[in-house]
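Asker: Quick one: this structure, given as structure tokens, is what I'll be asking you about.
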Amino acid sequence: MLLVEPLFSSESGCHKPFYYRLFLSVVFIFLAVLPHDQLEAQELPESFFKNYLIRVGIEYDEYIDLLEGKLDGIKEGSLVEATIIGHLGELYKETQDTLKLNFYKSKEEEYWSKAEVTSVNKDLFGQYLLRQVPISASRNNNEFLDSASQYIENKDDLLFIQYLRLLKTSATEEPEMYAPRYNDLLNSQELPPDIAALAHVAMTELLWNSGKLDSAIVLNSKVDVDNVKSMFTLLVHYMFSAFNEMRYANLVEAGRIGEQMKGVVRRYSGDKSKYSSVFYSTMNQLYTYTNQYDSAAFYSIKSINLLKGKKGAELRLVDQYRRLSLIYSENGEYQRALETARESIAVAVNQFIEHPLVGEANSQLLTALFDVYELTTNIDEKRLLIKELEQEIVKQDLLLLKFTRPDHRVHLKVIKGRLRLERSQDKVAEELFKEAISIANEFKQAQFDKERARYYLALIANKRKDYSKSIELGEQVLKQDRMSFRFVIDVHKLLISSYTNKGMVAEAADHINQIQKIIEDKTAERTKYLLSQSEVQLELESQKALNASLESEQLVKSQLIKRQQLIIVIIAASIAIIGFFVLRLKALHKKNLTLLQVVEKEGAELQFTNSELGDTIAELQTNQSANQQLLDGLSIHLSKTFNGIKGLKSFIPELGKLNNEQEKYLSRISDLVDDEELALNNLIALNSILGNHKIDIRRVAISDTLNNIESQMQSSLKLHQVDLDIDMAKGLVFLADRSLIEMSLTSLLQHGLHQELLNKKLKLQVASNEGLQVALEFKGTAIDQAQIDKWLKPGIEDEKNYLSKLSQLKDLMDGDLHYLVMGDLHKITLKLNLIELKLADSKGAEIDQLEIDAVYDKIHQLLVSEDGLTNPDLSMNQLSSQIGIPSRKLSFVINTREKTNFSKYLSRIRIDKVKQILDNGDHTHLNIAGIGYEAGFNSKSTFFSSFKEFVGCTPKEYLKSIAQEAS
């Protein structure tokens, strides 16, 4: 209140008047009833961790608006601006707005690259370093975290760094560090609930994925959900809780948890957030477990749509496509399962992903290929599917060399065995199935594939009419738990066949009854789940109704409190207004008396000032008249001087005859006088144009100058409804006066703008031709040469004669100006003899046309004649090393000759090779995809899209057209 007291203190300074005390009381009452949360909402996050909570919470949209609003009043280049920009960059990670994210990130980097770290900005610099920590988990992350911790001073961020050390622990490089880092973090004092929850969730995921399910659930139960703000943390916690309930077939409780997750997503507007994919994955698993495949597929597709285009989400996208393919397989939609599995592999190939999850996706593709193969009856399609299957098996073998996964090895053995079985190579298939069972037993993994191998062994035994062996193996398979519904049905069918062939009719009938019971149990289980979900929904509706009633009562009470607060505020404001007006009237009365005295005093001074001003004006008028007379006299004197000099030619011969040399000399003097008079007039006119401008020669980029002119003339162009088309060569830089260049080009454009344009278009061409050459073209009414000469004559006193001004300006730069009219086409060419500065990195100066042709021939020779195309991984750097020419020069040659980049050029000549193979009929040993691989394409999708781009149709359509032409 120190700012208020001097305005309302009494004259004595020791006693406060009644109105003043009343005003203070009202202010205190007003502040007491004002809601405090509105004040707190304006505070900025003071740490990286607080900003993280905003980013993963429900408030990030509001905070973005708040922070961007605060930027308007902040000094540019200040520490406060850098802090706000850093927070904004983190928040825009959540919105996936890459343009704004990169903009704020670059501005923050620019600030800290120049700033000196002091005790004032030390913590903020540490937060900046924390934002640079890579996403991937690696031991190298410790270097980034160590650098940040040296500067961080706030406790929240130091604890968050400990969590990041745990999260980014590499499972391959330092697995032994998980437990100590987790325990150290939990033993920290004043650990925020969100950081503790993040640590619990991270360890839960680690233990769950390593098969320690009970230990994982113990840690997951430690999450304090009531005090966690992070949407991601809550969803992952609920996900593992739901998975645990599904382990024990507690479907009602799993469904209840699913509803809780749905509530979290709705509360956090989760449909816009990448974190909602956790919810979609959980619901996918739940519906798959209860055989509701359509619902499971719905959530998988939602997850895929959410992850598409998200940076860093490519691996999760591969896995989601794989899961969707599994769902389609379980639902009997084998063709869709195959297409989705191919999508999964396409994402991995296009993004160059190398990860064990890609092996799982490849395994699903192999299964889907076999499922479709077994269903199709078309021989050609079967042949193509087998070909693709063999190729994918080779890829899986190569992938297993990098990532040794026993479960993938088991699955691949089973697939190879099925392939051998299909080719009637039963003995080889039998060995492969036995190897798969041996690997599964050794590593205690891949139980499902192990039982599938046992099923195929039973199938081989049945084929050999060894029904006892077939029955023994089939019954072993049925003893296992958690086998898929369709697989169990297939095993029962095999046993029915074996028992029937052996004459054991009762046992065969028993298995028929078991199949019927399985179908009935599945139907009952699904019905039970649907009924339980209905009960959950009814319970939720009841709870919602109760909550709505409580909220209604709370709303009534809240409105009553607000009404009372409003009445108090109105009364307090009324008292304050009355007191203010009383005090204001008192102050105004005193001020009016003072003003009256001042007005009387100033009136007397004003009379004296008016008298002095009259004398000054009269004196000024006298001086002005005298100056005018002097100017007139000087003009007459100069005129007489010039006329006198001109008269010498007629006066001197009267004194006597001059010889020829004297006559020529006198004529030369007369011409010089005329030239000097014209130059003096031009100089006066030019001086009126340049004003006080001083010539300043420096480096001038013509592109910047034109951009500035176009920006200044934008309103004039819109007013005249004229389109300006600028065709300018790149990299034009000259030594010149920028202002003279701008005045010259502006005069040229203004002339065109004020003509009667027929098509409302101006075309400006700017190039380098032993100086700067500018040409303006437009269509206008026809004019004669007399009008052109009038426009080009310098010194014409007409504001709209822009070419007259241009004629004077071009003389300063030793230039030429030409005006050509052909019918309605006007072309004005301005050439200024300026010194051009060639850029050091100009590609055009590096290589002439002969060298371009020579280099291009080398490239074509290597790629076409020497089969360089067959390398699918061929890059610009590899081509450079093979030819021995720098990659920058190669790129320039290809761009110059082919008018495209290296990648497009390579694809085009590969397509030319494919067309040559198809035209010659040399493709009978390969399918269409195989031809693409032989030409150097590394994926089927890339080959097909390139063929469509350069030929205009698919390879199959092209083959049909060749066949039609041949017939």
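Starting from 1 in every chain, residues are counted up; chains themselves are A, B, ... following the order of the structure tokens, and ligands are numbered from 1 as listed.
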Just want the 12 Å neighbourhood of Glu116 in chain A, counted on only C-alpha atoms, with same-chain residues fewer than 6 positions away dropped. Output as an MDAnalysis selection string.
Answerer: chainID A and resid 79 122 124:125
Asker: What lies within 6 Å of range 802-818 of chain A using only C-alpha atoms, ignoring chain neighbours under 6 positions off, as a PyMOL selection string?
Answerer: chain A and resi 744+747+751+791-794+828-833
Asker: Restricting the calculation to only C-alpha atoms: of A:Gln554, A:Ser119, A:Ser215, A:Ser230, which residue gets closest to Asn51 in chain A?
Answerer: A:Ser230
Asker: So which residues touch Val821 in chain A within 12 Å, counting only C-alpha atoms, skipping near sequence neighbours fewer than 2 positions away, as a PyMOL selection string?
Answerer: chain A and resi 776-785+787-788+818-819+823-829
Asker: Check the DSSP output for the backbone and give back, as JSON, numbers by chain, the residues of range 730-881 of chain A in strand (DSSP E).
Answerer: {"A": [733, 734, 735, 736, 737, 761, 762, 763, 764, 765, 766, 767, 768, 772, 773, 774, 775, 776, 777, 778, 779, 815, 816, 817, 818, 819, 820, 821, 822, 825, 826, 827, 828, 829, 830, 831, 832, 835, 836]}
Asker: Any chance you can output those residues with N, CA, C and O atoms as a compact mmCIF listing (two decimals), in the first residue's frame?
Answerer:
```txt
# COMPACT_ATOMS: atom_id res chain seq x y z
N VAL A 733 24.58 -10.37 -56.71
CA VAL A 733 25.14 -9.46 -55.70
C VAL A 733 26.07 -8.49 -56.41
O VAL A 733 26.94 -8.91 -57.20
N PHE A 734 25.91 -7.16 -56.18
CA PHE A 734 26.71 -6.13 -56.85
C PHE A 734 27.24 -5.15 -55.83
O PHE A 734 26.70 -4.98 -54.73
N LEU A 735 28.33 -4.45 -56.23
CA LEU A 735 28.80 -3.29 -55.47
C LEU A 735 28.03 -2.07 -55.97
O LEU A 735 28.15 -1.68 -57.14
N ALA A 736 27.21 -1.46 -55.09
CA ALA A 736 26.37 -0.35 -55.53
C ALA A 736 25.81 0.36 -54.31
O ALA A 736 26.01 -0.05 -53.16
N ASP A 737 25.10 1.47 -54.60
CA ASP A 737 24.37 2.19 -53.56
C ASP A 737 22.95 1.60 -53.52
O ASP A 737 22.20 1.70 -54.49
N LYS A 761 -1.06 -6.89 -65.76
CA LYS A 761 0.11 -7.67 -65.36
C LYS A 761 1.39 -6.92 -65.70
O LYS A 761 1.49 -6.30 -66.76
N LEU A 762 2.35 -6.99 -64.77
CA LEU A 762 3.70 -6.46 -65.00
C LEU A 762 4.68 -7.62 -64.85
O LEU A 762 4.62 -8.37 -63.87
N LYS A 763 5.60 -7.76 -65.80
CA LYS A 763 6.61 -8.81 -65.71
C LYS A 763 7.99 -8.17 -65.62
O LYS A 763 8.38 -7.41 -66.51
N LEU A 764 8.69 -8.48 -64.54
CA LEU A 764 10.02 -7.90 -64.30
C LEU A 764 11.05 -9.01 -64.38
O LEU A 764 10.97 -10.01 -63.66
N GLN A 765 12.03 -8.84 -65.31
CA GLN A 765 13.11 -9.81 -65.46
C GLN A 765 14.42 -9.19 -65.00
O GLN A 765 14.78 -8.10 -65.46
N VAL A 766 15.13 -9.87 -64.11
CA VAL A 766 16.37 -9.35 -63.53
C VAL A 766 17.47 -10.39 -63.79
O VAL A 766 17.31 -11.56 -63.44
N ALA A 767 18.57 -9.93 -64.39
CA ALA A 767 19.66 -10.86 -64.72
C ALA A 767 20.99 -10.13 -64.65
O ALA A 767 21.05 -8.92 -64.41
N SER A 768 22.06 -10.90 -64.86
CA SER A 768 23.42 -10.35 -64.88
C SER A 768 23.94 -10.40 -66.31
O SER A 768 23.98 -11.47 -66.92
N LEU A 772 24.20 -5.12 -64.03
CA LEU A 772 22.81 -5.47 -63.70
C LEU A 772 21.90 -5.09 -64.85
O LEU A 772 21.89 -3.93 -65.28
N GLN A 773 21.11 -6.06 -65.35
CA GLN A 773 20.18 -5.79 -66.45
C GLN A 773 18.76 -6.09 -65.98
O GLN A 773 18.48 -7.19 -65.50
N VAL A 774 17.87 -5.10 -66.11
CA VAL A 774 16.49 -5.21 -65.68
C VAL A 774 15.59 -4.89 -66.87
O VAL A 774 15.80 -3.89 -67.56
N ALA A 775 14.58 -5.75 -67.12
CA ALA A 775 13.64 -5.52 -68.22
C ALA A 775 12.22 -5.58 -67.68
O ALA A 775 11.87 -6.54 -66.98
N LEU A 776 11.42 -4.57 -67.98
CA LEU A 776 10.01 -4.52 -67.58
C LEU A 776 9.16 -4.67 -68.83
O LEU A 776 9.30 -3.90 -69.79
N GLU A 777 8.24 -5.67 -68.81
CA GLU A 777 7.34 -5.90 -69.94
C GLU A 777 5.90 -5.77 -69.47
O GLU A 777 5.56 -6.24 -68.37
N PHE A 778 5.06 -5.14 -70.33
CA PHE A 778 3.62 -5.09 -70.04
C PHE A 778 2.89 -4.79 -71.34
O PHE A 778 3.49 -4.32 -72.32
N LYS A 779 1.60 -5.06 -71.37
CA LYS A 779 0.76 -4.75 -72.52
C LYS A 779 -0.06 -3.51 -72.21
O LYS A 779 -0.81 -3.49 -71.23
N GLY A 815 24.78 3.96 -66.73
CA GLY A 815 23.88 2.96 -67.27
C GLY A 815 23.23 3.39 -68.57
O GLY A 815 23.43 4.50 -69.08
N ASP A 816 22.44 2.49 -69.14
CA ASP A 816 21.69 2.73 -70.38
C ASP A 816 20.22 2.43 -70.13
O ASP A 816 19.87 1.53 -69.35
N LEU A 817 19.33 3.18 -70.84
CA LEU A 817 17.90 3.00 -70.70
C LEU A 817 17.28 3.01 -72.09
O LEU A 817 17.47 3.96 -72.85
N HIS A 818 16.54 1.94 -72.44
CA HIS A 818 15.91 1.83 -73.75
C HIS A 818 14.44 1.50 -73.59
O HIS A 818 14.06 0.69 -72.73
N TYR A 819 13.60 2.12 -74.45
CA TYR A 819 12.15 1.92 -74.41
C TYR A 819 11.73 1.42 -75.79
O TYR A 819 11.88 2.11 -76.78
N LEU A 820 11.21 0.19 -75.86
CA LEU A 820 10.81 -0.42 -77.12
C LEU A 820 9.31 -0.71 -77.08
O LEU A 820 8.81 -1.28 -76.10
N VAL A 821 8.59 -0.30 -78.16
CA VAL A 821 7.15 -0.55 -78.26
C VAL A 821 6.88 -1.30 -79.56
O VAL A 821 7.30 -0.85 -80.64
N MET A 822 6.20 -2.47 -79.44
CA MET A 822 5.80 -3.24 -80.62
C MET A 822 4.30 -3.52 -80.50
O MET A 822 3.88 -4.43 -79.79
N LEU A 825 2.75 -4.20 -76.94
CA LEU A 825 3.78 -4.72 -76.05
C LEU A 825 4.85 -3.65 -75.78
O LEU A 825 5.46 -3.13 -76.71
N HIS A 826 5.02 -3.32 -74.51
CA HIS A 826 6.02 -2.33 -74.08
C HIS A 826 7.14 -3.09 -73.37
O HIS A 826 6.89 -3.92 -72.50
N LYS A 827 8.39 -2.77 -73.72
CA LYS A 827 9.54 -3.35 -73.04
C LYS A 827 10.56 -2.27 -72.76
O LYS A 827 11.04 -1.60 -73.67
N ILE A 828 10.83 -2.07 -71.47
CA ILE A 828 11.81 -1.06 -71.02
C ILE A 828 13.00 -1.82 -70.45
O ILE A 828 12.86 -2.62 -69.53
N THR A 829 14.19 -1.54 -71.00
CA THR A 829 15.40 -2.24 -70.56
C THR A 829 16.34 -1.24 -69.90
O THR A 829 16.70 -0.22 -70.49
N LEU A 830 16.72 -1.57 -68.66
CA LEU A 830 17.65 -0.74 -67.90
C LEU A 830 18.90 -1.58 -67.63
O LEU A 830 18.82 -2.67 -67.07
N LYS A 831 20.06 -1.05 -68.09
CA LYS A 831 21.32 -1.75 -67.83
C LYS A 831 22.23 -0.83 -67.05
O LYS A 831 22.51 0.30 -67.46
N LEU A 832 22.70 -1.29 -65.88
CA LEU A 832 23.58 -0.52 -65.01
C LEU A 832 24.94 -1.20 -64.97
O LEU A 832 25.03 -2.40 -64.67
N ILE A 835 29.68 -3.56 -60.68
CA ILE A 835 30.61 -4.67 -60.47
C ILE A 835 29.87 -5.80 -59.76
O ILE A 835 29.34 -5.60 -58.66
N GLU A 836 29.84 -6.98 -60.41
CA GLU A 836 29.14 -8.12 -59.81
C GLU A 836 30.10 -8.89 -58.91
O GLU A 836 31.27 -9.10 -59.25
```
Asker: CA of Leu251 in chain A to CA of Asn291 in chain A: how many Å, to one decimal?
Answerer: 12.2 Å
Asker: Please, what distance in Å, to one decimal, runs between CA of Glu770 in chain A and CA of Glu851 in chain A?
Answerer: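 About the pair CA of Glu770 in chain A and CA of Glu851 in chain A: they are 24.4 Å apart.
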Asker: Need to verify the contact set: Ser78 in chain A, 10 Å, only C-alpha atoms, exclusion of same-chain residues closer than 5 positions in sequence. Can you return it as an mmCIF file with N, CA, C and O atoms, in the first residue's frame?
Answerer:
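Result file is result.cif:
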```cif
data_model
loop_
_atom_site.group_PDB
_atom_site.id
_atom_site.type_symbol
_atom_site.label_atom_id
_atom_site.label_comp_id
_atom_site.auth_asym_id
_atom_site.auth_seq_id
_atom_site.Cartn_x
_atom_site.Cartn_y
_atom_site.Cartn_z
ATOM 1 N N THR A 83 13.490 -18.144 -21.275
ATOM 2 C CA THR A 83 12.835 -19.109 -20.384
ATOM 3 C C THR A 83 11.468 -19.498 -20.915
ATOM 4 O O THR A 83 11.114 -20.679 -20.989
ATOM 5 N N TYR A 111 19.807 -18.113 -28.289
ATOM 6 C CA TYR A 111 20.050 -17.329 -27.071
ATOM 7 C C TYR A 111 21.194 -17.932 -26.265
ATOM 8 O O TYR A 111 22.156 -17.236 -25.901
ATOM 9 N N ALA A 115 24.802 -16.520 -24.728
ATOM 10 C CA ALA A 115 24.705 -16.073 -23.337
ATOM 11 C C ALA A 115 25.868 -16.618 -22.496
ATOM 12 O O ALA A 115 26.394 -17.706 -22.761
#
```
Asker: Within 12 Å of Gly211 in chain A, counting only C-alpha atoms, which residues qualify if same-chain residues fewer than 6 places away don't, as a list in words?
Answerer: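 Listed by chain and then number, they are Thr204, Glu205, Ile217, Lys444 and Gln445 of chain A.
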Asker: Apply DSSP to the backbone of this structure and, from range 311-506 of chain A, keep only the residues in helix (DSSP H, G or I); write these as JSON, numbers by chain.
Answerer: {"A": [314, 315, 316, 317, 318, 319, 320, 321, 322, 323, 324, 325, 326, 327, 328, 329, 330, 334, 335, 336, 337, 338, 339, 340, 341, 342, 343, 344, 345, 346, 347, 348, 349, 350, 356, 357, 358, 359, 360, 361, 362, 363, 364, 365, 366, 367, 368, 369, 370, 371, 372, 373, 374, 375, 379, 380, 381, 382, 383, 384, 385, 386, 387, 388, 389, 390, 391, 392, 393, 394, 395, 396, 397, 398, 399, 400, 401, 402, 406, 407, 408, 409, 410, 411, 412, 413, 414, 415, 416, 417, 418, 419, 420, 421, 422, 426, 427, 428, 429, 430, 431, 432, 433, 434, 435, 436, 437, 438, 439, 440, 441, 442, 443, 447, 448, 449, 450, 451, 452, 453, 454, 455, 456, 457, 458, 459, 460, 461, 462, 463, 467, 468, 469, 470, 471, 472, 473, 474, 475, 476, 477, 478, 485, 486, 487, 488, 489, 490, 491, 492, 493, 494, 495, 496, 497, 498, 499, 500, 501, 505, 506]}
Asker: Pick from A:Tyr455, A:Phe487, A:Tyr280, A:Tyr104: nearest to Gly474 in chain A, with only C-alpha atoms counted?
Answerer: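 Between A:Tyr455, A:Phe487, A:Tyr280, A:Tyr104, the residue approaching Gly474 in chain A most closely is A:Tyr455.
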